[in-house]
Amino acid sequence: MIRKCIVFFVLICLMSIQSLSVSAKDLHLSFTDSCQIFRAAMKGKPVEGVLGSYRIKLPAYKKALFYASRFKGFDGINQNFSWPADKLSQLFDASFTPVPTIDRPVNCGVFLVLELQDGGYWVLQPVAVDAAMSWIEVVDDSHIDIVYGTMGTDEVDLLDVPVFAYGRSGDVYKVVSDVWKLLAKDKYIKKNLKLRGEKNYPEPFNYLGWCSWEHFRKNINEKVLLEAVDEIEKCEVPVRWVLVDHGHQTQAMDKLIDFKVNAGKFPGGWSPLLSRRSEKIKWFGLWHCMYGLWEGISPEHDMDFLRPYLMKNGRERIILNGSREAADVFYEKLVASASDNDFDFIKVDVQTRDFNNYLMTANAVEAHYNNAAALERYARKELKGLMNCMAQNLPCVFNTKYSATTRVSVDYRLNSVPMARNHIYQGFQNTLWMGQTVWPDHDMFHSSDQKLGRLMAVSKAMSAAPIYMSDPPKSFVGEYIFPLAFSDGRILRPMAPGAPLPKSLFNNVLMGEGVYYVIAPLTGQSAAVVAYSLSNKNMAPVNVDITPQDYTYADAMVQPYPGRRQLPAEGLVYYDWYEKQGGLLKDKYAFSLQNMEDRLVLLCEVNNGWSVIGLENKYLSPVSVLEFKAEKDKLTVVLKESAPFVIYSDKPVLRCSNASHKELGNGFYRIIPTSGENRFVIDK
């Protein structure tokens, strides 16, 4: 009861910070087709964490996307959602209908996108630097305030720092990309941030993984994990890495005592588990909380090296004192607890709350920056990868210089349709901005989920990020897992993360009737489109149209952004992966979806009357093609693995080397290898 009262008090304080009367300075921006960074001095002593604000009159818009948490203040954890509205004030009106399992937005935005009356797009991106940050507060339908501060108490003196970036374009993907390219070059920002395309993608995450959390929760021990690993080793599913999640720490009451593994649960230490490393299970990862454990560090901790570097915050939680020295000492030991025990990577959780731990201390932004920068440095030095989790606020997003993946979705929950709606929607909507700097992690899933197993598997495939299950291994459903990867566990990844199509980007698909469309670029100038029916209100079937125009947006998240694709001279074919049929894509491919259904459709160009779909047993079939050459009457195809594959021909197929063929209709053929070879010559 006492803890609940404290939490309530903190939330009330944060609400009061938001409602402070700050005299905003009017700021008149240019709305031309360009991108700029607005810079200013941030100096003085904050008032309740705030240094000042600017008021901006918005351009005339048709629709808005306000990205913000569902919680009060800054305590959003993994809850930054895209809130669509015709008018911004609607989001904070008493008549606003809460979204199931999400509720309603807080007036503390991290990103804003407007679809303008004249057909263009305007975006504004607040910024976090090493000692201050900004955020968006809606004033009315036509005005926003850009508020900036430290969320701390100490005086600051920052000159010519970026406060926010903004821009306009006729292409929403271009303007978001250009804004982030501009930010990544800024002298204050580039020391802690790189764009996704400039980073190395960790090798383990190219393969299927397994995580202990969603099924076992904290109930892990040596016996449970050894049994799980042995089952993974024996099963046909090619899982190549294992992540040991929460539950291994030496702790009391969710407070960290030591980084050492819990001797009661793991009497043999880590050796019995990591000795199971094999040709199949090649990598192991270890979970840690950003600041020790959920409730911080125990007063009875055994880490003498930390004693000079600790403090209590206003919630009586023991945390690091916010200095660079403290961060170096703590994160060197945190990373070493994994690397010294032969783990390959770490997953670090609750970064957002690390920032919140410092609210109204000396400087919350600076303290979190020190911690995040130290974590990035030591993880890069000692490990093969760092997975960021619960890290959707601005100080976290602007602290990803080396780490390549961050969770963009709410937690997945087994058999929970309401959470799945939000999971899908939030994950892809957040990709628009967070995917500029990281590969967007959509969390783990159960292949054995009775309602959502395939839907979740396909959404993970579209993310281009790590794919990891959490079923007990004996419950793996190969029907949904095998199409994700090759026989060695290597994932068929898109060329860039899947992103929402413009025609559904601004739709209120959770509380309305619209279809949610996501597109990802694949190899060979092909693309994958997934249509979702996600409404919490409209349970009737919805009509879906996939058009050639959709294909032109396939490269939305490619870096550097190349712009919209041209339609191929000979047109496109579509292939409905679920229905196993296709045709020429002329005006549209139309079908209907039941509520909470999805459909995967592949779009492939026609070249000399041929089109190569790829392996029919892989969701992202074109990625299975190593190369192909389309000549007038001959097609040469080289696959990564030998298995039945699908092609299109504008004339009847006559013969295939090393394979037989079967007509599927509408010019499509299944090519069935008759040997183990993976090179095929097909004549028409």
# chains A, B, ... in the order shown; residues from 1 in each chain; ligands from 1

call {"tool": "closest_atom_pairs", "arguments": {"of": "region 404-502 of chain A", "to": "region 558-580 of chain A", "cutoff": "12 Å", "atoms": "only C-alpha atoms", "output": "tab-separated table"}}
result
residue	atom	partner	partner_atom	distance
A:Thr431	CA	A:Val558	CA	12.0
A:Leu432	CA	A:Val558	CA	11.3
A:Gly435	CA	A:Val558	CA	10.0
A:Gln436	CA	A:Gln559	CA	8.3
A:Thr437	CA	A:Gln559	CA	10.1
A:Val438	CA	A:Gln559	CA	11.4
A:Trp439	CA	A:Val558	CA	11.4
A:Arg454	CA	A:Tyr578	CA	10.3
A:Leu455	CA	A:Tyr578	CA	11.1
A:Val458	CA	A:Trp577	CA	10.8
A:Ala464	CA	A:Val558	CA	11.3
A:Tyr480	CA	A:Tyr578	CA	11.8
A:Pro483	CA	A:Trp577	CA	10.9
A:Pro494	CA	A:Val558	CA	10.0
A:Met495	CA	A:Val558	CA	7.1
A:Ala496	CA	A:Val558	CA	5.3
A:Pro497	CA	A:Val558	CA	7.8
A:Gly498	CA	A:Val558	CA	9.7
A:Ala499	CA	A:Val558	CA	10.4

call {"tool": "residues_around", "arguments": {"residues": "Arg307 (chain A)", "least_positions_apart": "4", "cutoff": "10 Å", "atoms": "only C-alpha atoms", "output": "count of residues only"}}
result
6

call {"tool": "residues_around", "arguments": {"residues": "Arg317 (chain A)", "least_positions_apart": "5", "cutoff": "12 Å", "atoms": "only C-alpha atoms", "output": "count of residues only"}}
result
23

call {"tool": "atom_distance", "arguments": {"atom1": "CA of Glu236 (chain A)", "atom2": "CA of Ser278 (chain A)"}}
result
14.6 Å

call {"tool": "closest_residue", "arguments": {"among": "A:Arg277, A:His368, A:Lys618, A:Lys384", "to": "Met133 (chain A)", "atoms": "only C-alpha atoms"}}
result
A:His368

call {"tool": "select_by_dssp", "arguments": {"residues": "region 352-437 of chain A", "states": "helix (DSSP H, G or I)", "output": "number ranges by chain"}}
result
A: 352-356, 364-382, 394-397, 417-434

call {"tool": "residues_around", "arguments": {"residues": "region 114-117 of chain A", "least_positions_apart": "5", "cutoff": "10 Å", "atoms": "only C-alpha atoms", "output": "VMD selection string"}}
result
chain A and resid 58 to 66 84 to 86 122 to 124 168 to 170 172 502 505 to 506

call {"tool": "write_last_selection", "arguments": {"atoms": "N, CA, C and O atoms", "output": "compact mmCIF listing (two decimals), in the first residue's frame"}}
result
# COMPACT_ATOMS: atom_id res chain seq x y z
N LEU A 58 0.98 25.88 -36.19
CA LEU A 58 1.14 24.78 -37.14
C LEU A 58 0.60 25.14 -38.51
O LEU A 58 -0.34 25.94 -38.63
N PRO A 59 1.15 24.52 -39.56
CA PRO A 59 0.56 24.68 -40.89
C PRO A 59 -0.81 23.99 -40.93
O PRO A 59 -1.10 23.12 -40.11
N ALA A 60 -1.64 24.38 -41.89
CA ALA A 60 -2.97 23.77 -42.03
C ALA A 60 -2.82 22.28 -42.35
O ALA A 60 -2.12 21.91 -43.30
N TYR A 61 -3.48 21.45 -41.56
CA TYR A 61 -3.32 20.01 -41.74
C TYR A 61 -4.67 19.30 -41.80
O TYR A 61 -5.69 19.78 -41.30
N LYS A 62 -4.63 18.12 -42.42
CA LYS A 62 -5.82 17.26 -42.51
C LYS A 62 -5.85 16.25 -41.38
O LYS A 62 -6.89 15.97 -40.81
N LYS A 63 -4.68 15.68 -41.10
CA LYS A 63 -4.58 14.65 -40.07
C LYS A 63 -3.25 14.79 -39.35
O LYS A 63 -2.28 15.31 -39.89
N ALA A 64 -3.24 14.29 -38.11
CA ALA A 64 -2.03 14.39 -37.29
C ALA A 64 -1.73 13.05 -36.64
O ALA A 64 -2.63 12.26 -36.34
N LEU A 65 -0.44 12.81 -36.42
CA LEU A 65 0.03 11.69 -35.60
C LEU A 65 0.86 12.28 -34.48
O LEU A 65 1.91 12.88 -34.71
N PHE A 66 0.37 12.10 -33.26
CA PHE A 66 1.06 12.61 -32.07
C PHE A 66 1.62 11.40 -31.34
O PHE A 66 0.87 10.54 -30.86
N PRO A 84 -3.47 8.90 -33.70
CA PRO A 84 -3.98 9.62 -34.86
C PRO A 84 -5.17 10.50 -34.48
O PRO A 84 -5.98 10.16 -33.62
N ALA A 85 -5.25 11.67 -35.16
CA ALA A 85 -6.37 12.58 -34.89
C ALA A 85 -6.58 13.50 -36.07
O ALA A 85 -5.63 13.85 -36.78
N ASP A 86 -7.83 13.90 -36.29
CA ASP A 86 -8.12 14.94 -37.27
C ASP A 86 -7.71 16.30 -36.73
O ASP A 86 -7.28 17.18 -37.48
N TRP A 122 4.54 17.38 -42.83
CA TRP A 122 5.41 18.17 -41.98
C TRP A 122 5.67 17.38 -40.70
O TRP A 122 4.75 16.81 -40.11
N VAL A 123 6.95 17.31 -40.30
CA VAL A 123 7.30 16.56 -39.09
C VAL A 123 8.11 17.45 -38.16
O VAL A 123 8.80 18.39 -38.60
N LEU A 124 8.01 17.15 -36.89
CA LEU A 124 8.82 17.82 -35.88
C LEU A 124 9.35 16.77 -34.92
O LEU A 124 8.60 15.95 -34.40
N ARG A 168 9.58 19.56 -44.08
CA ARG A 168 8.40 19.34 -44.91
C ARG A 168 8.81 18.73 -46.24
O ARG A 168 9.88 19.02 -46.78
N SER A 169 7.94 17.85 -46.77
CA SER A 169 8.18 17.23 -48.08
C SER A 169 6.86 16.65 -48.57
O SER A 169 5.94 16.43 -47.78
N GLY A 170 6.81 16.36 -49.86
CA GLY A 170 5.67 15.65 -50.41
C GLY A 170 5.73 14.17 -50.15
O GLY A 170 4.78 13.44 -50.45
N VAL A 172 6.43 11.47 -47.08
CA VAL A 172 6.56 11.39 -45.62
C VAL A 172 7.83 10.65 -45.21
O VAL A 172 8.47 11.00 -44.22
N PRO A 502 1.44 4.86 -46.62
CA PRO A 502 0.79 6.15 -46.37
C PRO A 502 -0.73 6.06 -46.27
O PRO A 502 -1.34 6.81 -45.51
N LEU A 505 -1.26 5.09 -42.65
CA LEU A 505 -0.40 5.69 -41.62
C LEU A 505 -1.19 6.56 -40.65
O LEU A 505 -0.95 6.54 -39.44
N PHE A 506 -2.16 7.33 -41.16
CA PHE A 506 -2.90 8.27 -40.33
C PHE A 506 -4.28 7.75 -39.91
O PHE A 506 -5.03 8.47 -39.25

call {"tool": "residues_around", "arguments": {"residues": "region 659-661 of chain A", "least_positions_apart": "4", "cutoff": "10 Å", "atoms": "only C-alpha atoms", "output": "list of chain:residue names"}}
result
A:Ala643, A:Pro644, A:Phe645, A:Val646, A:Val653, A:Leu654, A:Arg655, A:Tyr669, A:Arg670, A:Ile671, A:Ile672, A:Pro673, A:Thr674, A:Ser675, A:Gly676, A:Glu677, A:Asn678, A:Arg679, A:Phe680, A:Val681, A:Ile682

call {"tool": "closest_residue", "arguments": {"among": "A:Lys629, A:Lys401, A:Lys586, A:Lys474", "to": "Asn388 (chain A)", "atoms": "only C-alpha atoms"}}
result
A:Lys401

call {"tool": "residues_around", "arguments": {"residues": "region 260-263 of chain A", "least_positions_apart": "4", "cutoff": "10 Å", "atoms": "only C-alpha atoms", "output": "JSON, numbers by chain"}}
result
{"A": [221, 222, 247, 248, 249, 250, 251, 256, 267, 268, 269, 270, 302, 334, 337, 338]}

call {"tool": "closest_residue", "arguments": {"among": "A:Val410, A:Met290, A:Val138, A:Ala128", "to": "Ser89 (chain A)", "atoms": "only C-alpha atoms"}}
result
A:Val138

call {"tool": "residues_around", "arguments": {"residues": "Trp213 (chain A)", "least_positions_apart": "3", "cutoff": "8 Å", "atoms": "only C-alpha atoms", "output": "PyMOL selection string"}}
result
chain A and resi 216-218+244-246+470

call {"tool": "write_last_selection", "arguments": {"atoms": "N, CA, C and O atoms", "output": "PDB file, in the first residue's frame"}}
result
ATOM      1  N   PHE A 216       8.473 -18.732 -19.099  1.00  0.00           N
ATOM      2  CA  PHE A 216       8.925 -19.124 -17.762  1.00  0.00           C
ATOM      3  C   PHE A 216       8.946 -17.971 -16.766  1.00  0.00           C
ATOM      4  O   PHE A 216       9.019 -18.196 -15.548  1.00  0.00           O
ATOM      5  N   ARG A 217       8.898 -16.718 -17.292  1.00  0.00           N
ATOM      6  CA  ARG A 217       8.992 -15.548 -16.413  1.00  0.00           C
ATOM      7  C   ARG A 217      10.235 -15.666 -15.515  1.00  0.00           C
ATOM      8  O   ARG A 217      11.288 -16.072 -15.958  1.00  0.00           O
ATOM      9  N   LYS A 218      10.092 -15.320 -14.232  1.00  0.00           N
ATOM     10  CA  LYS A 218      11.257 -15.369 -13.337  1.00  0.00           C
ATOM     11  C   LYS A 218      11.516 -16.775 -12.792  1.00  0.00           C
ATOM     12  O   LYS A 218      12.466 -16.984 -12.046  1.00  0.00           O
ATOM     13  N   VAL A 244      18.907 -15.845 -21.722  1.00  0.00           N
ATOM     14  CA  VAL A 244      18.495 -16.056 -20.336  1.00  0.00           C
ATOM     15  C   VAL A 244      17.950 -14.736 -19.814  1.00  0.00           C
ATOM     16  O   VAL A 244      18.686 -13.778 -19.614  1.00  0.00           O
ATOM     17  N   ASP A 245      16.647 -14.686 -19.585  1.00  0.00           N
ATOM     18  CA  ASP A 245      16.011 -13.437 -19.186  1.00  0.00           C
ATOM     19  C   ASP A 245      15.942 -13.327 -17.665  1.00  0.00           C
ATOM     20  O   ASP A 245      16.607 -14.071 -16.930  1.00  0.00           O
ATOM     21  N   HIS A 246      15.133 -12.412 -17.187  1.00  0.00           N
ATOM     22  CA  HIS A 246      14.997 -12.073 -15.767  1.00  0.00           C
ATOM     23  C   HIS A 246      14.783 -13.321 -14.905  1.00  0.00           C
ATOM     24  O   HIS A 246      14.067 -14.233 -15.283  1.00  0.00           O
ATOM     25  N   SER A 470       9.387 -17.904 -27.494  1.00  0.00           N
ATOM     26  CA  SER A 470       9.426 -18.100 -26.050  1.00  0.00           C
ATOM     27  C   SER A 470       8.586 -19.297 -25.629  1.00  0.00           C
ATOM     28  O   SER A 470       8.305 -19.468 -24.449  1.00  0.00           O
TER      29      SER A 470
END

call {"tool": "select_by_dssp", "arguments": {"residues": "region 146-312 of chain A", "states": "strand (DSSP E)", "output": "VMD selection string"}}
result
chain A and resid 146 to 149 156 to 169 209 to 211 241 to 244 249 to 252 255 to 261 283 to 289 310 to 312

call {"tool": "closest_residue", "arguments": {"among": "A:Asp587, A:Asp471, A:Glu198, A:Glu137", "to": "Ser448 (chain A)", "atoms": "only C-alpha atoms"}}
result
A:Asp471

call {"tool": "closest_residue", "arguments": {"among": "A:Arg421, A:Val612, A:Val509, A:Phe486", "to": "Ser642 (chain A)", "atoms": "only C-alpha atoms"}}
result
A:Phe486

call {"tool": "closest_atom_pairs", "arguments": {"of": "region 26-118 of chain A", "to": "region 184-192 of chain A", "cutoff": "12 Å", "atoms": "only C-alpha atoms", "output": "tab-separated table"}}
result
residue	atom	partner	partner_atom	distance
A:Gln36	CA	A:Asp186	CA	11.2
A:Ile37	CA	A:Asp186	CA	8.9
A:Phe38	CA	A:Asp186	CA	11.4
A:Arg39	CA	A:Asp186	CA	10.7
